[in-house]
Amino acid sequence: TFLSSVTTFARYLSADERIISKQGSVMAISGIMARLHAEKRLKCFTSLSAIENSAKSAYETIAQLASSEVTPETLEESSLSLEPSVLKDKIDDLALIYREYSLFLSENGYLDESKYLALLPERIRNNPEIKNANVFFLCYTSFTVQAMKAVRSAIENARNVIGIFCSGKEELYTNKARDIFRRVCAEYGDVKTLDLGSQIGGEAEILRKGLYDPDCLKGTGTPTDKISLYEASDLWDEIEYVAIQIKKNLQEKGLRYRDFALLVPNTNEYSLPVKRAFDEYGIPCFFDEKKSLRKHPVSAFLLGALEVVRERFSPASVQALAQNVLFGESDEYRNYLLKYANYRGGALKEIKETDAFDLEKVKSGKIRLEKATKNIKRKGQGREFCVAIKNLIKDFDIENQLNSLTEQVEDVSMRGYLSQIFGALQRVLDEAELLTADREMSVAEFEVVLSEGLDATELSLIPLKTDAVFVGDISSSRIEKVNVLFVAGLTDAVPYNAEDTALVSDKEIARLAEVKTLIEPTVAEVNLRTRESVCLNLCTFTDRLYLSYPLGADGTKPTTSEV
C-alpha cells in the first residue's frame, strides 16, 4: 500500500509546456469568436450577445471533438457532404473557430486540456516505473478515444492492468466503460473477468435489484419499516419533515449529524427551504455545490464598470453599477440621476444645484462613478484592460470591503464562497492578460472575454464543520454509505434528463456519423450515466431511507419519479 500512488489522467502528466486552463481556453475562444464576428465570417453566431452565451459551449464542443480525435479538417470535409442547412452553417462555424483556436495554440506554444491529455499515452509508454507496476483503472464511467489510447499504453508496458467498474446485469447500469475496457484488453489476448458482487445489504440491496425493473412489482414485496414514503403539501413542508425526522433519529439512535445525508434534484431550488428549516431546528449542514465566479458580487462590479463604458454611460448601466454593494451607498445619487440625468451620458454632466437632494452624497456618487471608469478605454490592448480592472480593485479597496461584508453573512457556505474570490480572480485576470496582451480590442470584446473566463471558473464550497448533514445533488454528488438517507423532490425531475440543446445535438451527431465524423458522448448517453448515478446514490443507506415529494402549487399530485 505504501508503494502505491493514486492519480488522475491529468495529474499523472508533468509537463514543462505552457498549459492554459479551461477558463483560459474559453476566454481565447470568445476572443476568436468576437474577432470572426467583426470580420463577418460567422454564419450562426452573428451577435456579441450570442457569442457571450455560446463561447463556453463552443469550447466544450471543441474539447469533445478533440477527445474524439476529430480535427478541423475532418469537420470541413463533413460539411462538404451536407446539404445546405442550419447544421451545415453550424459545422462551418465550428470548423472555422476550431481551426483558429488550434492555430492560436500552436503559434503561442500553448497546450489546452485536450492537447495536454494527448501526451498521456507517450508518457505512460516512457515511464520505467510503469513497467514493473500493477495498474488499476478505477470506477471510470466512460473512455474517450484519447483515454483508450492511454489504456492501450498501460497494457503494453505494465506488469498487470486491471479495471474495476460499477456494473451489473440490472437495468440501472450502463456498463459502457466496462465494455469498452474489456474490448480494448481483448486486443492483447485473453481477458479474465471477475464479478465482485455487491457489498450492499438488506433493503438497500433489494432496492438496487429492483430499480427500473417493472417485474419486481409483480411479487408480494418485502415488508419493511426501514423505507418511508412521504407526500408533502409543498416543498417547505417536505423539508420540515426531513428536519423533524433528523431530530427524531438523533434522539432514538444516538447518531451524529454526519450520519445523515439529504439528496435533492436541484440544490438551488431547495437551498432556501433547507437553510431556513435546518436553522430553525438547529441542524448544521453542508451544501455540496459549486458556484460560478461570474455570479460573485465582485465579478458583477467589474463587469458592470466595463458595461458602463461600453454603453456610453446609459441610465440602465449606471444604475446597475451604482446598485452594487461594492460601489458604496448610492440611494441619493441614483434618485438624482433618475430625475435630472436619465439619458445616455447624463451621469457625466455637472451636478445641478438643487435643494431636492443632498448634494454632498450626489457629488460623492459621481466621484465614485468616475473613479470606477477612469482607466477603462473604449478601445485598447488586452493588457491595458486587465491593468484597468486590477487598478479598479485597488481603487475601491475591494478586498477589505469584501472581508467586512463576509463577516456579516451568517451562512457558512456562502461565507466560504465570498472569501475565495481573490485567488481565483487573480488567476483569471493573469490568464486574460497572457492571452490578450498585445491584441487591439474594443471594450465590448474584452467584456465578453472576461465574462466567459469568470463563468468558466467555479468555486467549490468548503465545509466549515465536520459534524454536519450533507446536502447534495442526487445526480452529481457522490456519497459514501450513510446511516440515514433522505431523498426529496422525487417528481419526474428525477432522474434529471439533460435537454438536447448542445451546440451539436444527438440528431446532428447521428447525421455527422453518416458522413464519417463520430463524436462522443451523446446527450442520451450522458442521461443514462445520470440515471445510474441516481440509483447508486439511492442505495447508500444502512439504517433508513426516507423518500418524499411535494404536491404541486395548486395541491395536485405531480407525476412522480419512476424511482
# chains A, B, ... in the order shown; residues from 1 in each chain; ligands from 1
call {"tool": "select_by_dssp", "arguments": {"residues": "range 305-494 of chain A", "states": "strand (DSSP E)", "output": "list in words"}}
result
Lys379, Gly380, Gln381, Glu440, Met441, Ser442, Glu458, Leu459, Ser460, Val469, Phe470, Val471, Gly472, Asp473, Val482, Asn483, Val484, Leu485, Phe486 and Val487 of chain A
call {"tool": "residues_around", "arguments": {"residues": "Arg294 in chain A", "least_positions_apart": "4", "cutoff": "9 Å", "atoms": "only C-alpha atoms", "output": "ChimeraX atom specification"}}
result
/A:298-300,303,451-458
call {"tool": "write_last_selection", "arguments": {"atoms": "N, CA, C and O atoms", "output": "mmCIF file, in the first residue's frame"}}
result
data_model
loop_
_atom_site.group_PDB
_atom_site.id
_atom_site.type_symbol
_atom_site.label_atom_id
_atom_site.label_comp_id
_atom_site.auth_asym_id
_atom_site.auth_seq_id
_atom_site.Cartn_x
_atom_site.Cartn_y
_atom_site.Cartn_z
ATOM 1 N N VAL A 298 -18.238 40.691 -6.676
ATOM 2 C CA VAL A 298 -17.043 41.371 -7.194
ATOM 3 C C VAL A 298 -17.030 41.312 -8.721
ATOM 4 O O VAL A 298 -16.746 42.307 -9.397
ATOM 5 N N SER A 299 -17.336 40.128 -9.282
ATOM 6 C CA SER A 299 -17.377 39.982 -10.744
ATOM 7 C C SER A 299 -18.442 40.894 -11.340
ATOM 8 O O SER A 299 -18.216 41.527 -12.380
ATOM 9 N N ALA A 300 -19.609 40.958 -10.696
ATOM 10 C CA ALA A 300 -20.692 41.820 -11.183
ATOM 11 C C ALA A 300 -20.247 43.285 -11.198
ATOM 12 O O ALA A 300 -20.585 44.047 -12.119
ATOM 13 N N LEU A 303 -17.554 43.721 -14.162
ATOM 14 C CA LEU A 303 -18.227 43.668 -15.464
ATOM 15 C C LEU A 303 -19.165 44.864 -15.636
ATOM 16 O O LEU A 303 -19.349 45.374 -16.745
ATOM 17 N N SER A 451 -15.932 37.975 -19.099
ATOM 18 C CA SER A 451 -17.170 37.359 -18.622
ATOM 19 C C SER A 451 -17.134 35.848 -18.798
ATOM 20 O O SER A 451 -17.501 35.087 -17.898
ATOM 21 N N GLU A 452 -16.652 35.388 -19.959
ATOM 22 C CA GLU A 452 -16.591 33.945 -20.212
ATOM 23 C C GLU A 452 -15.553 33.278 -19.317
ATOM 24 O O GLU A 452 -15.750 32.159 -18.852
ATOM 25 N N GLY A 453 -14.437 33.951 -19.078
ATOM 26 C CA GLY A 453 -13.422 33.393 -18.179
ATOM 27 C C GLY A 453 -13.942 33.239 -16.763
ATOM 28 O O GLY A 453 -13.690 32.227 -16.093
ATOM 29 N N LEU A 454 -14.686 34.236 -16.295
ATOM 30 C CA LEU A 454 -15.268 34.165 -14.950
ATOM 31 C C LEU A 454 -16.333 33.076 -14.869
ATOM 32 O O LEU A 454 -16.428 32.348 -13.879
ATOM 33 N N ASP A 455 -17.136 32.964 -15.930
ATOM 34 C CA ASP A 455 -18.203 31.968 -15.940
ATOM 35 C C ASP A 455 -17.648 30.555 -15.942
ATOM 36 O O ASP A 455 -18.227 29.636 -15.365
ATOM 37 N N ALA A 456 -16.492 30.358 -16.593
ATOM 38 C CA ALA A 456 -15.897 29.019 -16.687
ATOM 39 C C ALA A 456 -15.155 28.627 -15.412
ATOM 40 O O ALA A 456 -14.736 27.479 -15.270
ATOM 41 N N THR A 457 -14.989 29.578 -14.487
ATOM 42 C CA THR A 457 -14.289 29.297 -13.230
ATOM 43 C C THR A 457 -15.313 29.029 -12.136
ATOM 44 O O THR A 457 -16.167 29.866 -11.865
ATOM 45 N N GLU A 458 -15.224 27.862 -11.530
ATOM 46 C CA GLU A 458 -16.187 27.502 -10.478
ATOM 47 C C GLU A 458 -15.456 27.328 -9.154
ATOM 48 O O GLU A 458 -14.340 26.797 -9.096
#
call {"tool": "residues_around", "arguments": {"residues": "range 67-73 of chain A", "least_positions_apart": "3", "cutoff": "12 Å", "atoms": "only C-alpha atoms", "output": "PyMOL selection string"}}
result
chain A and resi 60-64+76-80+91-103+112-118+143-149+512-513+516-522
call {"tool": "atom_distance", "arguments": {"atom1": "CA of Ile162 in chain A", "atom2": "CA of Val135 in chain A"}}
result
6.3 Å
call {"tool": "atom_distance", "arguments": {"atom1": "CA of Ala305 in chain A", "atom2": "CA of Leu459 in chain A"}}
result
23.0 Å
call {"tool": "residues_around", "arguments": {"residues": "Glu289 in chain A", "least_positions_apart": "4", "cutoff": "9 Å", "atoms": "only C-alpha atoms", "output": "list in words"}}
result
Thr267, Leu459, Ser460, Leu461, Val471, Gly472, Asp473 and Ser477 of chain A
call {"tool": "write_last_selection", "arguments": {"atoms": "all heavy atoms", "output": "tab-separated table (two decimals), in the first residue's frame"}}
result
chain	number	residue	atom	x	y	z
A	267	THR	N	-30.15	21.80	-6.05
A	267	THR	CA	-29.72	22.44	-4.80
A	267	THR	C	-30.11	23.92	-4.76
A	267	THR	O	-30.35	24.46	-3.67
A	267	THR	CB	-28.20	22.31	-4.61
A	267	THR	OG1	-27.52	22.73	-5.81
A	267	THR	CG2	-27.80	20.88	-4.29
A	459	LEU	N	-16.10	27.80	-8.10
A	459	LEU	CA	-15.55	27.67	-6.75
A	459	LEU	C	-16.34	26.61	-5.99
A	459	LEU	O	-17.57	26.65	-5.94
A	459	LEU	CB	-15.64	29.00	-6.00
A	459	LEU	CG	-14.86	30.19	-6.59
A	459	LEU	CD1	-15.13	31.44	-5.76
A	459	LEU	CD2	-13.38	29.89	-6.64
A	460	SER	N	-15.62	25.65	-5.41
A	460	SER	CA	-16.27	24.65	-4.57
A	460	SER	C	-16.44	25.24	-3.17
A	460	SER	O	-15.53	25.89	-2.65
A	460	SER	CB	-15.41	23.38	-4.48
A	460	SER	OG	-15.30	22.78	-5.74
A	461	LEU	N	-17.61	25.00	-2.59
A	461	LEU	CA	-17.84	25.47	-1.23
A	461	LEU	C	-17.14	24.54	-0.24
A	461	LEU	O	-17.16	23.32	-0.41
A	461	LEU	CB	-19.33	25.54	-0.94
A	461	LEU	CG	-20.14	26.43	-1.88
A	461	LEU	CD1	-21.55	26.60	-1.36
A	461	LEU	CD2	-19.49	27.79	-2.04
A	471	VAL	N	-25.77	17.84	2.28
A	471	VAL	CA	-26.87	18.14	1.35
A	471	VAL	C	-26.27	18.22	-0.05
A	471	VAL	O	-25.39	19.04	-0.30
A	471	VAL	CB	-27.58	19.47	1.70
A	471	VAL	CG1	-28.74	19.70	0.75
A	471	VAL	CG2	-28.06	19.46	3.15
A	472	GLY	N	-26.74	17.35	-0.94
A	472	GLY	CA	-26.15	17.32	-2.27
A	472	GLY	C	-27.16	17.09	-3.37
A	472	GLY	O	-28.35	16.91	-3.12
A	473	ASP	N	-26.67	17.11	-4.59
A	473	ASP	CA	-27.49	16.87	-5.77
A	473	ASP	C	-27.55	15.37	-6.04
A	473	ASP	O	-26.52	14.71	-6.09
A	473	ASP	CB	-26.86	17.59	-6.97
A	473	ASP	CG	-27.72	17.48	-8.21
A	473	ASP	OD1	-27.79	16.38	-8.79
A	473	ASP	OD2	-28.30	18.50	-8.64
A	477	SER	N	-23.72	14.59	-7.02
A	477	SER	CA	-22.95	14.36	-5.80
A	477	SER	C	-22.60	12.88	-5.68
A	477	SER	O	-23.30	12.02	-6.20
A	477	SER	CB	-23.73	14.81	-4.56
A	477	SER	OG	-23.89	16.20	-4.54
call {"tool": "residues_around", "arguments": {"residues": "Arg368 in chain A", "least_positions_apart": "3", "cutoff": "9 Å", "atoms": "only C-alpha atoms", "output": "PDB file with N, CA, C and O atoms, in the first residue's frame"}}
result
ATOM      1  N   ALA A 322     -24.145  51.360  -9.841  1.00  0.00           N
ATOM      2  CA  ALA A 322     -24.303  52.089  -8.576  1.00  0.00           C
ATOM      3  C   ALA A 322     -25.067  51.265  -7.537  1.00  0.00           C
ATOM      4  O   ALA A 322     -24.912  51.478  -6.333  1.00  0.00           O
ATOM      5  N   PHE A 327     -20.024  49.442  -4.703  1.00  0.00           N
ATOM      6  CA  PHE A 327     -19.955  50.832  -5.163  1.00  0.00           C
ATOM      7  C   PHE A 327     -20.053  51.779  -3.981  1.00  0.00           C
ATOM      8  O   PHE A 327     -19.516  52.892  -3.999  1.00  0.00           O
ATOM      9  N   GLY A 328     -20.737  51.339  -2.945  1.00  0.00           N
ATOM     10  CA  GLY A 328     -20.955  52.188  -1.781  1.00  0.00           C
ATOM     11  C   GLY A 328     -22.380  52.717  -1.753  1.00  0.00           C
ATOM     12  O   GLY A 328     -23.169  52.469  -2.668  1.00  0.00           O
ATOM     13  N   LYS A 363     -22.646  64.279  -5.191  1.00  0.00           N
ATOM     14  CA  LYS A 363     -21.294  64.500  -5.712  1.00  0.00           C
ATOM     15  C   LYS A 363     -20.372  63.323  -5.396  1.00  0.00           C
ATOM     16  O   LYS A 363     -19.522  62.951  -6.210  1.00  0.00           O
ATOM     17  N   SER A 364     -20.539  62.763  -4.202  1.00  0.00           N
ATOM     18  CA  SER A 364     -19.739  61.585  -3.823  1.00  0.00           C
ATOM     19  C   SER A 364     -20.005  60.419  -4.774  1.00  0.00           C
ATOM     20  O   SER A 364     -19.084  59.709  -5.191  1.00  0.00           O
ATOM     21  N   GLY A 365     -21.266  60.219  -5.149  1.00  0.00           N
ATOM     22  CA  GLY A 365     -21.619  59.150  -6.091  1.00  0.00           C
ATOM     23  C   GLY A 365     -20.989  59.381  -7.453  1.00  0.00           C
ATOM     24  O   GLY A 365     -20.472  58.439  -8.078  1.00  0.00           O
ATOM     25  N   LYS A 371     -14.327  57.353 -10.817  1.00  0.00           N
ATOM     26  CA  LYS A 371     -13.186  56.545 -10.369  1.00  0.00           C
ATOM     27  C   LYS A 371     -13.281  55.118 -10.909  1.00  0.00           C
ATOM     28  O   LYS A 371     -12.276  54.510 -11.279  1.00  0.00           O
ATOM     29  N   ALA A 372     -14.512  54.593 -11.001  1.00  0.00           N
ATOM     30  CA  ALA A 372     -14.709  53.216 -11.472  1.00  0.00           C
ATOM     31  C   ALA A 372     -14.432  53.067 -12.959  1.00  0.00           C
ATOM     32  O   ALA A 372     -14.105  51.972 -13.429  1.00  0.00           O
ATOM     33  N   THR A 373     -14.562  54.148 -13.708  1.00  0.00           N
ATOM     34  CA  THR A 373     -14.471  54.043 -15.170  1.00  0.00           C
ATOM     35  C   THR A 373     -13.283  54.798 -15.768  1.00  0.00           C
ATOM     36  O   THR A 373     -13.055  54.722 -16.980  1.00  0.00           O
ATOM     37  N   PHE A 396     -11.056  50.814  -5.215  1.00  0.00           N
ATOM     38  CA  PHE A 396     -12.245  50.658  -4.370  1.00  0.00           C
ATOM     39  C   PHE A 396     -11.980  49.780  -3.141  1.00  0.00           C
ATOM     40  O   PHE A 396     -12.915  49.415  -2.429  1.00  0.00           O
TER      41      PHE A 396
END
call {"tool": "residues_around", "arguments": {"residues": "range 385-391 of chain A", "least_positions_apart": "4", "cutoff": "7 Å", "atoms": "only C-alpha atoms", "output": "NGL selection string"}}
result
:A and (302 or 375-376 or 381 or 395 or 429 or 433)
call {"tool": "write_last_selection", "arguments": {"atoms": "N, CA, C and O atoms", "output": "PDB file, in the first residue's frame"}}
result
ATOM      1  N   LEU A 302     -17.073  44.468 -11.469  1.00  0.00           N
ATOM      2  CA  LEU A 302     -16.055  44.687 -12.508  1.00  0.00           C
ATOM      3  C   LEU A 302     -16.679  44.686 -13.900  1.00  0.00           C
ATOM      4  O   LEU A 302     -16.380  45.556 -14.722  1.00  0.00           O
ATOM      5  N   ASN A 375     -10.065  54.490 -15.951  1.00  0.00           N
ATOM      6  CA  ASN A 375      -8.970  53.798 -16.644  1.00  0.00           C
ATOM      7  C   ASN A 375      -9.444  52.903 -17.788  1.00  0.00           C
ATOM      8  O   ASN A 375      -8.624  52.270 -18.460  1.00  0.00           O
ATOM      9  N   ILE A 376     -10.746  52.814 -17.983  1.00  0.00           N
ATOM     10  CA  ILE A 376     -11.287  51.895 -18.996  1.00  0.00           C
ATOM     11  C   ILE A 376     -11.535  52.656 -20.296  1.00  0.00           C
ATOM     12  O   ILE A 376     -12.370  53.563 -20.356  1.00  0.00           O
ATOM     13  N   GLN A 381      -5.463  47.694 -25.922  1.00  0.00           N
ATOM     14  CA  GLN A 381      -4.890  46.359 -25.892  1.00  0.00           C
ATOM     15  C   GLN A 381      -5.460  45.588 -24.706  1.00  0.00           C
ATOM     16  O   GLN A 381      -5.855  46.174 -23.694  1.00  0.00           O
ATOM     17  N   ASP A 395      -8.483  50.670  -6.286  1.00  0.00           N
ATOM     18  CA  ASP A 395      -9.088  51.985  -6.020  1.00  0.00           C
ATOM     19  C   ASP A 395     -10.293  51.887  -5.093  1.00  0.00           C
ATOM     20  O   ASP A 395     -10.548  52.808  -4.290  1.00  0.00           O
ATOM     21  N   LEU A 429      -7.558  36.949 -14.318  1.00  0.00           N
ATOM     22  CA  LEU A 429      -7.010  38.183 -14.886  1.00  0.00           C
ATOM     23  C   LEU A 429      -5.615  37.973 -15.467  1.00  0.00           C
ATOM     24  O   LEU A 429      -5.281  38.492 -16.537  1.00  0.00           O
ATOM     25  N   GLU A 433      -4.724  38.436 -19.349  1.00  0.00           N
ATOM     26  CA  GLU A 433      -3.636  39.315 -19.798  1.00  0.00           C
ATOM     27  C   GLU A 433      -2.664  38.552 -20.689  1.00  0.00           C
ATOM     28  O   GLU A 433      -2.194  39.067 -21.707  1.00  0.00           O
TER      29      GLU A 433
END
call {"tool": "residues_around", "arguments": {"residues": "Phe357 in chain A", "least_positions_apart": "2", "cutoff": "8 Å", "atoms": "only C-alpha atoms", "output": "list in words"}}
result
Glu332, Tyr336, Thr354, Asp355, Leu359 and Val362 of chain A
call {"tool": "decode", "arguments": {"residues": "range 53-64 of chain A", "atoms": "all heavy atoms", "output": "PDB file, in the first residue's frame"}}
result
ATOM      1  N   ASN A  53     -22.964  34.080 -24.813  1.00  0.00           N
ATOM      2  CA  ASN A  53     -23.752  32.960 -24.297  1.00  0.00           C
ATOM      3  C   ASN A  53     -23.289  31.609 -24.832  1.00  0.00           C
ATOM      4  O   ASN A  53     -23.740  30.574 -24.348  1.00  0.00           O
ATOM      5  CB  ASN A  53     -25.233  33.148 -24.643  1.00  0.00           C
ATOM      6  CG  ASN A  53     -25.844  34.333 -23.918  1.00  0.00           C
ATOM      7  OD1 ASN A  53     -25.485  34.607 -22.784  1.00  0.00           O
ATOM      8  ND2 ASN A  53     -26.735  35.049 -24.571  1.00  0.00           N
ATOM      9  N   SER A  54     -22.401  31.613 -25.842  1.00  0.00           N
ATOM     10  CA  SER A  54     -22.065  30.356 -26.512  1.00  0.00           C
ATOM     11  C   SER A  54     -20.595  29.981 -26.439  1.00  0.00           C
ATOM     12  O   SER A  54     -20.233  28.857 -26.814  1.00  0.00           O
ATOM     13  CB  SER A  54     -22.473  30.422 -27.991  1.00  0.00           C
ATOM     14  OG  SER A  54     -23.837  30.714 -28.137  1.00  0.00           O
ATOM     15  N   ALA A  55     -19.709  30.875 -25.983  1.00  0.00           N
ATOM     16  CA  ALA A  55     -18.270  30.588 -26.013  1.00  0.00           C
ATOM     17  C   ALA A  55     -17.915  29.364 -25.179  1.00  0.00           C
ATOM     18  O   ALA A  55     -17.113  28.519 -25.597  1.00  0.00           O
ATOM     19  CB  ALA A  55     -17.486  31.805 -25.533  1.00  0.00           C
ATOM     20  N   LYS A  56     -18.528  29.245 -23.987  1.00  0.00           N
ATOM     21  CA  LYS A  56     -18.241  28.092 -23.136  1.00  0.00           C
ATOM     22  C   LYS A  56     -18.702  26.799 -23.806  1.00  0.00           C
ATOM     23  O   LYS A  56     -17.982  25.794 -23.804  1.00  0.00           O
ATOM     24  CB  LYS A  56     -18.927  28.269 -21.781  1.00  0.00           C
ATOM     25  CG  LYS A  56     -18.597  27.171 -20.778  1.00  0.00           C
ATOM     26  CD  LYS A  56     -19.272  27.444 -19.438  1.00  0.00           C
ATOM     27  CE  LYS A  56     -19.001  26.327 -18.445  1.00  0.00           C
ATOM     28  NZ  LYS A  56     -19.698  26.560 -17.155  1.00  0.00           N
ATOM     29  N   SER A  57     -19.899  26.822 -24.396  1.00  0.00           N
ATOM     30  CA  SER A  57     -20.407  25.635 -25.092  1.00  0.00           C
ATOM     31  C   SER A  57     -19.544  25.308 -26.308  1.00  0.00           C
ATOM     32  O   SER A  57     -19.313  24.137 -26.623  1.00  0.00           O
ATOM     33  CB  SER A  57     -21.854  25.859 -25.537  1.00  0.00           C
ATOM     34  OG  SER A  57     -22.697  26.032 -24.424  1.00  0.00           O
ATOM     35  N   ALA A  58     -19.068  26.358 -26.996  1.00  0.00           N
ATOM     36  CA  ALA A  58     -18.199  26.138 -28.157  1.00  0.00           C
ATOM     37  C   ALA A  58     -16.907  25.456 -27.725  1.00  0.00           C
ATOM     38  O   ALA A  58     -16.434  24.509 -28.383  1.00  0.00           O
ATOM     39  CB  ALA A  58     -17.892  27.469 -28.847  1.00  0.00           C
ATOM     40  N   TYR A  59     -16.333  25.912 -26.601  1.00  0.00           N
ATOM     41  CA  TYR A  59     -15.111  25.259 -26.104  1.00  0.00           C
ATOM     42  C   TYR A  59     -15.373  23.800 -25.758  1.00  0.00           C
ATOM     43  O   TYR A  59     -14.594  22.909 -26.119  1.00  0.00           O
ATOM     44  CB  TYR A  59     -14.558  25.973 -24.865  1.00  0.00           C
ATOM     45  CG  TYR A  59     -13.582  25.101 -24.113  1.00  0.00           C
ATOM     46  CD1 TYR A  59     -12.316  24.850 -24.638  1.00  0.00           C
ATOM     47  CD2 TYR A  59     -13.948  24.463 -22.928  1.00  0.00           C
ATOM     48  CE1 TYR A  59     -11.439  24.002 -23.983  1.00  0.00           C
ATOM     49  CE2 TYR A  59     -13.074  23.616 -22.272  1.00  0.00           C
ATOM     50  CZ  TYR A  59     -11.814  23.388 -22.809  1.00  0.00           C
ATOM     51  OH  TYR A  59     -10.950  22.532 -22.178  1.00  0.00           O
ATOM     52  N   GLU A  60     -16.481  23.552 -25.037  1.00  0.00           N
ATOM     53  CA  GLU A  60     -16.776  22.170 -24.629  1.00  0.00           C
ATOM     54  C   GLU A  60     -17.019  21.276 -25.844  1.00  0.00           C
ATOM     55  O   GLU A  60     -16.648  20.108 -25.850  1.00  0.00           O
ATOM     56  CB  GLU A  60     -17.982  22.164 -23.681  1.00  0.00           C
ATOM     57  CG  GLU A  60     -17.635  22.748 -22.311  1.00  0.00           C
ATOM     58  CD  GLU A  60     -18.848  22.964 -21.422  1.00  0.00           C
ATOM     59  OE1 GLU A  60     -19.980  22.894 -21.946  1.00  0.00           O
ATOM     60  OE2 GLU A  60     -18.652  23.222 -20.218  1.00  0.00           O
ATOM     61  N   THR A  61     -17.630  21.839 -26.896  1.00  0.00           N
ATOM     62  CA  THR A  61     -17.845  21.072 -28.120  1.00  0.00           C
ATOM     63  C   THR A  61     -16.510  20.779 -28.800  1.00  0.00           C
ATOM     64  O   THR A  61     -16.264  19.654 -29.259  1.00  0.00           O
ATOM     65  CB  THR A  61     -18.771  21.838 -29.082  1.00  0.00           C
ATOM     66  OG1 THR A  61     -20.003  22.112 -28.417  1.00  0.00           O
ATOM     67  CG2 THR A  61     -19.056  21.018 -30.334  1.00  0.00           C
ATOM     68  N   ILE A  62     -15.621  21.772 -28.850  1.00  0.00           N
ATOM     69  CA  ILE A  62     -14.303  21.574 -29.460  1.00  0.00           C
ATOM     70  C   ILE A  62     -13.483  20.563 -28.647  1.00  0.00           C
ATOM     71  O   ILE A  62     -12.782  19.716 -29.220  1.00  0.00           O
ATOM     72  CB  ILE A  62     -13.569  22.927 -29.592  1.00  0.00           C
ATOM     73  CG1 ILE A  62     -14.232  23.753 -30.696  1.00  0.00           C
ATOM     74  CG2 ILE A  62     -12.085  22.743 -29.877  1.00  0.00           C
ATOM     75  CD1 ILE A  62     -13.748  25.187 -30.796  1.00  0.00           C
ATOM     76  N   ALA A  63     -13.588  20.632 -27.313  1.00  0.00           N
ATOM     77  CA  ALA A  63     -12.896  19.644 -26.474  1.00  0.00           C
ATOM     78  C   ALA A  63     -13.446  18.243 -26.737  1.00  0.00           C
ATOM     79  O   ALA A  63     -12.698  17.255 -26.764  1.00  0.00           O
ATOM     80  CB  ALA A  63     -13.059  20.013 -24.990  1.00  0.00           C
ATOM     81  N   GLN A  64     -14.764  18.161 -26.920  1.00  0.00           N
ATOM     82  CA  GLN A  64     -15.414  16.882 -27.238  1.00  0.00           C
ATOM     83  C   GLN A  64     -14.907  16.366 -28.589  1.00  0.00           C
ATOM     84  O   GLN A  64     -14.619  15.180 -28.747  1.00  0.00           O
ATOM     85  CB  GLN A  64     -16.927  17.098 -27.270  1.00  0.00           C
ATOM     86  CG  GLN A  64     -17.771  15.845 -27.354  1.00  0.00           C
ATOM     87  CD  GLN A  64     -19.270  16.187 -27.372  1.00  0.00           C
ATOM     88  OE1 GLN A  64     -19.657  17.346 -27.325  1.00  0.00           O
ATOM     89  NE2 GLN A  64     -20.098  15.177 -27.448  1.00  0.00           N
TER      90      GLN A  64
END
